[in-house]
file target-v8.csv (CSV, C-alpha atoms)
chain,number,residue,atom,x,y,z
A,1,MET,CA,-21.6,-18.2,22.1
A,2,GLU,CA,-21.5,-21.6,23.6
A,3,SER,CA,-23.2,-24.2,21.4
A,4,THR,CA,-24.9,-27.4,22.6
A,5,MET,CA,-24.3,-30.8,20.8
A,6,VAL,CA,-27.7,-31.8,19.6
A,7,LEU,CA,-26.9,-34.7,17.2
A,8,THR,CA,-25.5,-38.1,17.9
A,9,GLU,CA,-23.1,-39.9,15.5
A,10,ASP,CA,-25.9,-42.4,14.5
A,11,GLU,CA,-28.3,-39.6,13.8
A,12,ALA,CA,-25.7,-37.7,11.7
A,13,LEU,CA,-24.9,-40.8,9.7
A,14,GLU,CA,-28.6,-41.4,9.1
A,15,LEU,CA,-29.0,-37.9,7.8
A,16,LEU,CA,-25.8,-38.1,5.7
A,17,ALA,CA,-27.0,-41.4,4.1
A,18,PHE,CA,-30.4,-39.9,3.3
A,19,LEU,CA,-28.8,-36.8,1.6
A,20,VAL,CA,-26.3,-38.8,-0.4
A,21,THR,CA,-28.8,-41.4,-1.6
A,22,ALA,CA,-31.4,-38.7,-2.3
A,23,ALA,CA,-28.8,-37.0,-4.6
A,24,ARG,CA,-28.6,-40.3,-6.5
A,25,THR,CA,-32.4,-41.0,-6.7
A,26,GLN,CA,-33.0,-37.4,-7.8
A,27,LEU,CA,-31.1,-38.1,-11.0
A,28,ASP,CA,-34.0,-40.4,-12.1
A,29,GLU,CA,-37.0,-38.7,-10.5
A,30,ALA,CA,-39.2,-35.7,-11.0
A,31,ALA,CA,-37.7,-32.3,-10.4
A,32,GLU,CA,-40.3,-31.5,-7.8
A,33,TYR,CA,-39.0,-34.3,-5.6
A,34,GLY,CA,-35.9,-32.1,-5.0
A,35,PRO,CA,-37.5,-29.8,-2.5
A,36,LEU,CA,-39.5,-32.7,-1.1
A,37,ARG,CA,-36.3,-34.6,-0.2
A,38,LEU,CA,-34.7,-31.5,1.3
A,39,LEU,CA,-37.8,-30.9,3.4
A,40,THR,CA,-37.8,-34.5,4.5
A,41,ALA,CA,-34.2,-34.2,5.6
A,42,ALA,CA,-35.0,-31.0,7.4
A,43,GLY,CA,-37.9,-32.7,9.2
A,44,ARG,CA,-35.7,-35.6,10.2
A,45,LEU,CA,-33.0,-33.3,11.5
A,46,ALA,CA,-35.7,-31.4,13.4
A,47,ASP,CA,-36.9,-34.7,14.9
A,48,PHE,CA,-33.4,-35.6,16.0
A,49,ILE,CA,-32.5,-32.4,17.7
A,50,ALA,CA,-35.9,-31.4,19.1
A,51,GLY,CA,-35.2,-33.1,22.5
A,52,ARG,CA,-31.8,-31.5,23.0
A,53,ALA,CA,-32.0,-28.1,21.5
A,54,SER,CA,-32.5,-24.9,23.5
A,55,PRO,CA,-36.1,-24.0,24.4
A,56,ALA,CA,-36.1,-21.2,21.8
A,57,THR,CA,-35.0,-23.6,19.0
A,58,GLN,CA,-37.5,-26.2,20.2
A,59,GLN,CA,-40.2,-23.6,19.9
A,60,PHE,CA,-39.0,-22.8,16.4
A,61,LEU,CA,-38.9,-26.5,15.4
A,62,SER,CA,-42.6,-26.8,16.4
A,63,GLY,CA,-43.6,-23.9,14.2
A,64,PRO,CA,-44.3,-23.6,10.5
A,65,LEU,CA,-41.8,-26.3,9.6
A,66,ARG,CA,-44.2,-28.8,11.2
A,67,SER,CA,-47.2,-27.5,9.2
A,68,LEU,CA,-45.8,-28.8,5.9
A,69,PRO,CA,-47.2,-32.3,5.1
A,70,ASP,CA,-44.5,-35.0,4.7
A,71,ALA,CA,-45.3,-35.7,1.1
A,72,ALA,CA,-46.3,-32.2,-0.1
A,73,LEU,CA,-45.7,-31.7,-3.8
A,74,ARG,CA,-45.4,-28.4,-5.6
A,75,SER,CA,-47.6,-29.5,-8.6
A,76,VAL,CA,-50.6,-30.0,-6.4
A,77,ASP,CA,-50.9,-26.3,-5.7
A,78,PRO,CA,-47.8,-24.3,-6.8
A,79,ALA,CA,-48.9,-21.0,-5.2
A,80,LYS,CA,-49.8,-22.5,-1.9
A,81,TYR,CA,-46.6,-24.5,-1.8
A,82,SER,CA,-44.5,-21.4,-2.4
A,83,THR,CA,-46.4,-19.4,0.2
A,84,GLU,CA,-46.0,-22.1,2.8
A,85,LEU,CA,-42.3,-22.5,2.1
A,86,ASP,CA,-41.9,-18.7,2.3
A,87,ALA,CA,-43.5,-18.8,5.8
A,88,VAL,CA,-41.1,-21.5,6.9
A,89,CYS,CA,-38.1,-19.5,5.5
A,90,GLU,CA,-39.4,-16.4,7.3
A,91,ALA,CA,-39.5,-18.4,10.5
A,92,VAL,CA,-36.0,-19.7,9.9
A,93,GLY,CA,-34.8,-16.1,9.4
A,94,GLU,CA,-36.4,-14.8,12.5
A,95,HIS,CA,-35.0,-17.7,14.6
A,96,LEU,CA,-31.5,-17.2,13.2
A,97,VAL,CA,-31.6,-13.5,14.1
A,98,ASN,CA,-32.8,-14.3,17.6
A,99,HIS,CA,-30.3,-17.2,18.1
A,100,PHE,CA,-27.2,-15.6,16.6
A,101,GLY,CA,-28.0,-12.0,17.3
A,102,GLY,CA,-28.4,-9.4,14.6
A,103,SER,CA,-30.5,-6.5,13.5
A,104,ALA,CA,-34.1,-7.5,13.5
A,105,ARG,CA,-36.4,-5.9,10.9
B,1,MET,CA,-70.6,-54.6,-2.9
B,2,SER,CA,-70.5,-58.4,-2.4
B,3,ASN,CA,-67.6,-59.2,-4.7
B,4,ALA,CA,-64.7,-59.7,-2.3
B,5,VAL,CA,-62.0,-59.1,-4.9
B,6,LEU,CA,-63.6,-55.8,-6.1
B,7,GLU,CA,-64.1,-54.8,-2.5
B,8,ALA,CA,-60.5,-55.4,-1.7
B,9,ILE,CA,-59.4,-53.3,-4.7
B,10,ARG,CA,-61.8,-50.5,-3.8
B,11,THR,CA,-60.8,-50.3,-0.2
B,12,ARG,CA,-57.0,-50.8,-0.5
B,13,ARG,CA,-55.0,-47.6,0.2
B,14,MET,CA,-51.3,-46.7,0.1
B,15,VAL,CA,-50.5,-46.7,3.8
B,16,ARG,CA,-47.8,-44.1,4.7
B,17,ALA,CA,-48.0,-44.3,8.5
B,18,LEU,CA,-47.5,-47.6,10.2
B,19,ALA,CA,-47.9,-48.6,13.9
B,20,ASP,CA,-45.1,-50.0,16.0
B,21,ALA,CA,-46.7,-53.4,16.4
B,22,PRO,CA,-44.6,-56.1,14.8
B,23,VAL,CA,-45.9,-58.2,11.9
B,24,PRO,CA,-46.3,-61.8,12.9
B,25,ARG,CA,-44.0,-64.2,11.1
B,26,GLU,CA,-46.9,-66.4,10.2
B,27,GLN,CA,-48.4,-63.5,8.2
B,28,VAL,CA,-45.4,-62.7,6.0
B,29,VAL,CA,-41.8,-63.7,5.4
B,30,ALA,CA,-39.7,-60.6,4.6
B,31,ILE,CA,-37.0,-58.4,6.0
B,32,GLN,CA,-37.8,-57.9,9.7
B,33,ASP,CA,-34.5,-57.4,11.4
B,34,PRO,CA,-34.7,-54.0,13.0
B,35,VAL,CA,-31.1,-53.0,12.1
B,36,THR,CA,-31.6,-54.0,8.4
B,37,LEU,CA,-34.9,-52.1,8.3
B,38,ARG,CA,-33.3,-49.0,9.8
B,39,LEU,CA,-30.4,-49.2,7.3
B,40,LEU,CA,-32.9,-49.6,4.4
B,41,ARG,CA,-34.8,-46.5,5.5
B,42,MET,CA,-31.5,-44.5,5.7
B,43,VAL,CA,-30.8,-45.2,2.0
B,44,SER,CA,-34.4,-44.9,0.8
B,45,PRO,CA,-35.4,-41.2,0.6
B,46,GLY,CA,-38.9,-42.2,-0.5
B,47,MET,CA,-39.5,-44.3,2.6
B,48,PHE,CA,-41.6,-42.0,4.8
B,49,GLN,CA,-43.1,-44.8,6.9
B,50,ARG,CA,-41.3,-46.9,9.5
B,51,PRO,CA,-42.1,-50.4,8.3
B,52,ARG,CA,-42.1,-53.4,10.6
B,53,ALA,CA,-41.3,-55.6,7.6
B,54,VAL,CA,-40.2,-55.0,4.0
B,55,ILE,CA,-40.4,-57.2,1.0
B,56,ALA,CA,-37.8,-56.3,-1.6
B,57,ILE,CA,-38.8,-57.2,-5.1
B,58,CYS,CA,-35.8,-57.7,-7.3
B,59,ILE,CA,-35.0,-58.5,-10.9
B,60,ASP,CA,-32.6,-61.5,-11.2
B,61,GLY,CA,-30.6,-60.5,-14.3
B,62,GLN,CA,-28.9,-63.8,-14.7
B,63,ARG,CA,-32.2,-65.6,-14.6
B,64,ALA,CA,-33.7,-63.2,-17.1
B,65,ARG,CA,-30.7,-63.8,-19.5
B,66,SER,CA,-31.3,-67.6,-19.1
B,67,PHE,CA,-34.7,-67.0,-20.6
B,68,GLY,CA,-33.2,-65.0,-23.4
B,69,MET,CA,-34.3,-61.7,-22.0
B,70,SER,CA,-32.3,-58.5,-21.4
B,71,PRO,CA,-32.2,-57.7,-17.7
B,72,THR,CA,-33.7,-54.3,-18.6
B,73,ALA,CA,-36.6,-55.7,-20.7
B,74,ARG,CA,-39.9,-53.8,-20.2
B,75,GLY,CA,-41.7,-57.1,-19.4
B,76,LEU,CA,-39.6,-57.6,-16.2
B,77,TYR,CA,-40.8,-54.2,-14.8
B,78,VAL,CA,-44.4,-55.1,-15.7
B,79,ASP,CA,-43.8,-58.3,-13.7
B,80,VAL,CA,-42.5,-56.3,-10.7
B,81,GLY,CA,-45.6,-54.1,-10.8
B,82,THR,CA,-47.9,-57.1,-11.1
B,83,ALA,CA,-46.2,-58.9,-8.2
B,84,ALA,CA,-46.4,-55.7,-6.1
B,85,GLN,CA,-50.1,-55.2,-6.8
B,86,THR,CA,-50.8,-58.8,-5.8
B,87,MET,CA,-48.9,-58.4,-2.6
B,88,LEU,CA,-50.6,-55.1,-1.8
B,89,LEU,CA,-54.0,-56.7,-2.1
B,90,ALA,CA,-52.9,-59.8,-0.2
B,91,ALA,CA,-51.6,-57.6,2.6
B,92,HIS,CA,-54.9,-55.6,2.7
B,93,SER,CA,-56.9,-58.7,2.8
B,94,ILE,CA,-55.2,-59.9,6.0
B,95,GLY,CA,-55.4,-56.5,7.7
B,96,LEU,CA,-51.9,-55.3,7.0
B,97,GLY,CA,-51.1,-51.8,5.8
B,98,ALA,CA,-48.7,-51.7,2.8
B,99,GLY,CA,-47.0,-49.0,0.8
B,100,VAL,CA,-44.6,-49.2,-2.1
B,101,VAL,CA,-41.2,-47.4,-2.2
B,102,THR,CA,-39.1,-47.0,-5.4
B,103,SER,CA,-37.0,-44.1,-4.3
B,104,PHE,CA,-33.9,-45.7,-2.9
B,105,SER,CA,-30.3,-46.1,-3.9
B,106,ARG,CA,-30.0,-49.5,-5.7
B,107,ALA,CA,-26.2,-49.5,-5.1
B,108,ALA,CA,-26.6,-48.9,-1.3
B,109,VAL,CA,-29.6,-51.4,-1.0
B,110,SER,CA,-27.6,-54.1,-2.8
B,111,VAL,CA,-24.8,-53.7,-0.2
B,112,VAL,CA,-27.2,-53.6,2.8
B,113,LEU,CA,-29.1,-56.7,1.7
B,114,ASN,CA,-25.9,-58.4,0.4
B,115,LEU,CA,-27.7,-59.2,-2.9
B,116,PRO,CA,-26.0,-61.7,-5.2
B,117,ALA,CA,-24.4,-60.3,-8.4
B,118,GLY,CA,-27.0,-59.7,-11.0
B,119,PHE,CA,-29.8,-59.0,-8.6
B,120,SER,CA,-31.4,-55.5,-9.0
B,121,PRO,CA,-33.7,-54.3,-6.2
B,122,GLU,CA,-36.6,-52.6,-7.9
B,123,MET,CA,-39.4,-52.0,-5.3
B,124,PHE,CA,-40.0,-52.3,-1.6
B,125,ILE,CA,-43.4,-53.3,-0.2
B,126,CYS,CA,-43.4,-51.7,3.3
B,127,LEU,CA,-45.6,-53.6,5.7
B,128,GLY,CA,-47.1,-53.0,9.1
B,129,PHE,CA,-50.3,-52.4,10.9
B,130,PRO,CA,-51.8,-49.0,9.8
B,131,ALA,CA,-51.2,-46.3,12.3
B,132,ALA,CA,-54.3,-44.7,13.8
B,133,ARG,CA,-53.4,-41.3,12.3
B,134,GLN,CA,-52.6,-41.2,8.6
B,135,PRO,CA,-51.1,-38.2,6.7
B,136,PRO,CA,-53.6,-36.4,4.5
B,137,ALA,CA,-54.0,-37.8,1.1
B,138,ILE,CA,-52.3,-36.1,-1.8
B,139,ARG,CA,-55.0,-34.8,-4.1
B,140,PRO,CA,-54.2,-33.3,-7.5
B,141,ARG,CA,-55.8,-30.0,-8.4
B,142,THR,CA,-57.6,-31.7,-11.3
B,143,PRO,CA,-59.4,-34.8,-10.0
B,144,VAL,CA,-58.3,-38.1,-11.6
B,145,THR,CA,-61.0,-40.6,-12.2
B,146,TRP,CA,-61.1,-43.8,-14.1
B,147,GLN,CA,-63.2,-42.0,-16.7
B,148,SER,CA,-60.6,-39.3,-17.2
B,149,LEU,CA,-57.9,-42.0,-17.7
B,150,SER,CA,-60.0,-44.2,-20.0
B,151,HIS,CA,-60.6,-44.0,-23.8
B,152,TRP,CA,-63.1,-46.2,-25.5
B,153,GLU,CA,-62.3,-47.6,-28.9
B,154,ARG,CA,-59.8,-45.7,-31.1
B,155,PHE,CA,-58.5,-42.2,-30.4
B,156,PRO,CA,-60.2,-39.7,-32.7

call {"tool": "encode", "arguments": {"input": "target-v8.csv", "output": "structure tokens"}}
result
Amino acid sequence: MESTMVLTEDEALELLAFLVTAARTQLDEAAEYGPLRLLTAAGRLADFIAGRASPATQQFLSGPLRSLPDAALRSVDPAKYSTELDAVCEAVGEHLVNHFGGSAR
Amino acid sequence: MSNAVLEAIRTRRMVRALADAPVPREQVVAIQDPVTLRLLRMVSPGMFQRPRAVIAICIDGQRARSFGMSPTARGLYVDVGTAAQTMLLAAHSIGLGAGVVTSFSRAAVSVVLNLPAGFSPEMFICLGFPAARQPPAIRPRTPVTWQSLSHWERFP
């Protein structure tokens, strides 16, 4: 399958810097900041690629991923947090199957 | 409430969404170069907002030693917090939104800001005009009030 370039070098560097420095700050911070940082990185990646991705990926990017608040923390409501993350993961799975092809459920 | 200081304390909020409008130079002297601000945000995982200006509060280790203090003495961190709170209230009083950030790589920030040896960046005050739309406040399941955080006299 032909794949489209959706990320510039500047954007990739920004994301790389975020991930590496988040690994360092995480050594001194609350464990629940771990998923928060990963979701922030995912959100920034989504922002970067939204304008260049395929219509189907753009539709996926505007889905459940966007419903998570920027600074959501597990400790505020652990059950709700897990449920919302599961919904995002489910949407990821569905989009992967549609994008790459595979056996849908 | 007629007390201006108490009113400022009561109405100040941590602003996590800032507008694009620049902060006038006459209002604050801080880091305003767009490239530097962009680089700081890249190495600051806790910086959700896109500030138009940043004040970096640093500990000057050599200066601390000259007073006979360890650069990691608790008092210095109290000073950082006290300075930050004063700046937050001052920003609020002139209509600027402000939010603090402590989640950043000290090593990377030191390089980006070309800090002198012995300077340790401890806190950013992110400044700008508050965006019209703010993210929802983070509310703990158990409400925290001043009463729930206060104990009178001795602990039983």

call {"tool": "residues_around", "arguments": {"input": "target-v8.csv", "residues": "Thr57 of chain A", "least_positions_apart": "6", "cutoff": "10 Å", "atoms": "all atoms listed in the file", "output": "VMD selection string"}}
result
chain A and resid 46 49 to 50 63 92 95 to 96 98 to 99

call {"tool": "atom_distance", "arguments": {"input": "target-v8.csv", "atom1": "atom CA of Val109 of chain B", "atom2": "atom CA of Leu40 of chain B"}}
result
6.6 Å

call {"tool": "closest_atom_pairs", "arguments": {"input": "target-v8.csv", "of": "chain A", "to": "chain B", "cutoff": "6 Å", "atoms": "all atoms listed in the file", "output": "tab-separated table"}}
result
residue	atom	partner	partner_atom	distance
A:Glu14	CA	B:Met42	CA	5.4
A:Ala17	CA	B:Met42	CA	5.7
A:Phe18	CA	B:Met42	CA	5.3
A:Thr21	CA	B:Ser105	CA	5.4
A:Ala22	CA	B:Pro45	CA	5.5
A:Val76	CA	B:Pro140	CA	5.0

call {"tool": "residues_around", "arguments": {"input": "target-v8.csv", "residues": "Gln32 of chain B", "least_positions_apart": "5", "cutoff": "7 Å", "atoms": "all atoms listed in the file", "output": "PDB file with C-alpha atoms, in the frame of the given file"}}
result
ATOM      1  CA  LEU B  37     -34.900 -52.100   8.300  1.00  0.00           C
ATOM      2  CA  ARG B  52     -42.100 -53.400  10.600  1.00  0.00           C
ATOM      3  CA  ALA B  53     -41.300 -55.600   7.600  1.00  0.00           C
ATOM      4  CA  VAL B  54     -40.200 -55.000   4.000  1.00  0.00           C
TER       5      VAL B  54
END

call {"tool": "residues_near_point", "arguments": {"input": "target-v8.csv", "point": "(-48.7, -56.3, 0.7)", "cutoff": "7 Å", "atoms": "all atoms listed in the file", "output": "ChimeraX atom specification"}}
result
/B:87-92,98,125,127

call {"tool": "closest_residue", "arguments": {"input": "target-v8.csv", "among": "B:Ala73, B:Val35, B:Cys58, B:Ala64", "to": "Phe124 of chain B", "atoms": "all atoms listed in the file"}}
result
B:Cys58

call {"tool": "axis_aligned_box", "arguments": {"input": "target-v8.csv", "around": "segment 127-145 of chain B", "padding_each_side": "8 Å", "output": "JSON"}}
result
{"center_x": -53.3, "center_y": -41.8, "center_z": 0.8, "size_x": 31.4, "size_y": 39.6, "size_z": 42.0}

call {"tool": "atom_distance", "arguments": {"input": "target-v8.csv", "atom1": "atom CA of Val101 of chain B", "atom2": "atom CA of Ile55 of chain B"}}
result
10.3 Å

call {"tool": "atom_distance", "arguments": {"input": "target-v8.csv", "atom1": "atom CA of Gly97 of chain B", "atom2": "atom CA of Gly128 of chain B"}}
result
5.3 Å

call {"tool": "closest_residue", "arguments": {"input": "target-v8.csv", "among": "B:Pro22, B:Leu115, B:Met123, B:Gln49", "to": "Asp70 of chain A", "atoms": "only C-alpha atoms"}}
result
B:Gln49

call {"tool": "residues_around", "arguments": {"input": "target-v8.csv", "residues": "Leu73 of chain A", "least_positions_apart": "6", "cutoff": "12 Å", "atoms": "all atoms listed in the file", "output": "PyMOL selection string"}}
result
(chain A and resi 30-37+39-40+79-82+84-85) or (chain B and resi 137-141)

call {"tool": "closest_residue", "arguments": {"input": "target-v8.csv", "among": "B:Pro130, B:Gly61, B:Pro24, B:Gly75", "to": "Gly99 of chain B", "atoms": "all atoms listed in the file"}}
result
B:Pro130

call {"tool": "closest_residue", "arguments": {"input": "target-v8.csv", "among": "B:Thr82, B:Pro51, B:Gly95, B:Glu153", "to": "Asp20 of chain B", "atoms": "all atoms listed in the file"}}
result
B:Pro51

call {"tool": "residues_around", "arguments": {"input": "target-v8.csv", "residues": "Phe48 of chain A", "least_positions_apart": "5", "cutoff": "10 Å", "atoms": "only C-alpha atoms", "output": "MDAnalysis selection string"}}
result
chainID A and resid 6:8 11:12 15 42:43 53

call {"tool": "build_atoms", "arguments": {"input": "target-v8.csv", "residues": "segment 67-80 of chain B", "atoms": "N, CA and C atoms", "output": "PDB file, keeping the file's coordinate frame"}}
result
ATOM      1  N   PHE B  67     -33.501 -66.890 -19.829  1.00  0.00           N
ATOM      2  CA  PHE B  67     -34.700 -67.000 -20.600  1.00  0.00           C
ATOM      3  C   PHE B  67     -34.566 -66.265 -21.970  1.00  0.00           C
ATOM      4  N   GLY B  68     -33.373 -65.727 -22.202  1.00  0.00           N
ATOM      5  CA  GLY B  68     -33.200 -65.000 -23.400  1.00  0.00           C
ATOM      6  C   GLY B  68     -33.654 -63.562 -23.381  1.00  0.00           C
ATOM      7  N   MET B  69     -33.837 -63.036 -22.146  1.00  0.00           N
ATOM      8  CA  MET B  69     -34.300 -61.700 -22.000  1.00  0.00           C
ATOM      9  C   MET B  69     -33.210 -60.748 -21.523  1.00  0.00           C
ATOM     10  N   SER B  70     -33.260 -59.502 -21.962  1.00  0.00           N
ATOM     11  CA  SER B  70     -32.300 -58.500 -21.400  1.00  0.00           C
ATOM     12  C   SER B  70     -32.785 -58.204 -19.988  1.00  0.00           C
ATOM     13  N   PRO B  71     -31.841 -57.990 -19.044  1.00  0.00           N
ATOM     14  CA  PRO B  71     -32.200 -57.700 -17.700  1.00  0.00           C
ATOM     15  C   PRO B  71     -32.992 -56.344 -17.552  1.00  0.00           C
ATOM     16  N   THR B  72     -32.998 -55.548 -18.631  1.00  0.00           N
ATOM     17  CA  THR B  72     -33.700 -54.300 -18.600  1.00  0.00           C
ATOM     18  C   THR B  72     -34.983 -54.344 -19.493  1.00  0.00           C
ATOM     19  N   ALA B  73     -35.383 -55.537 -19.880  1.00  0.00           N
ATOM     20  CA  ALA B  73     -36.600 -55.700 -20.700  1.00  0.00           C
ATOM     21  C   ALA B  73     -37.807 -55.122 -20.023  1.00  0.00           C
ATOM     22  N   ARG B  74     -38.675 -54.453 -20.789  1.00  0.00           N
ATOM     23  CA  ARG B  74     -39.900 -53.800 -20.200  1.00  0.00           C
ATOM     24  C   ARG B  74     -40.728 -54.849 -19.433  1.00  0.00           C
ATOM     25  N   GLY B  75     -40.811 -56.044 -19.989  1.00  0.00           N
ATOM     26  CA  GLY B  75     -41.700 -57.100 -19.400  1.00  0.00           C
ATOM     27  C   GLY B  75     -41.321 -57.365 -17.948  1.00  0.00           C
ATOM     28  N   LEU B  76     -40.042 -57.276 -17.616  1.00  0.00           N
ATOM     29  CA  LEU B  76     -39.600 -57.600 -16.200  1.00  0.00           C
ATOM     30  C   LEU B  76     -40.195 -56.527 -15.268  1.00  0.00           C
ATOM     31  N   TYR B  77     -40.229 -55.278 -15.719  1.00  0.00           N
ATOM     32  CA  TYR B  77     -40.800 -54.200 -14.800  1.00  0.00           C
ATOM     33  C   TYR B  77     -42.283 -54.346 -14.713  1.00  0.00           C
ATOM     34  N   VAL B  78     -42.925 -54.823 -15.765  1.00  0.00           N
ATOM     35  CA  VAL B  78     -44.400 -55.100 -15.700  1.00  0.00           C
ATOM     36  C   VAL B  78     -44.572 -56.208 -14.624  1.00  0.00           C
ATOM     37  N   ASP B  79     -43.703 -57.216 -14.653  1.00  0.00           N
ATOM     38  CA  ASP B  79     -43.800 -58.300 -13.700  1.00  0.00           C
ATOM     39  C   ASP B  79     -43.623 -57.789 -12.244  1.00  0.00           C
ATOM     40  N   VAL B  80     -42.675 -56.871 -12.068  1.00  0.00           N
ATOM     41  CA  VAL B  80     -42.500 -56.300 -10.700  1.00  0.00           C
ATOM     42  C   VAL B  80     -43.729 -55.603 -10.252  1.00  0.00           C
TER      43      VAL B  80
END
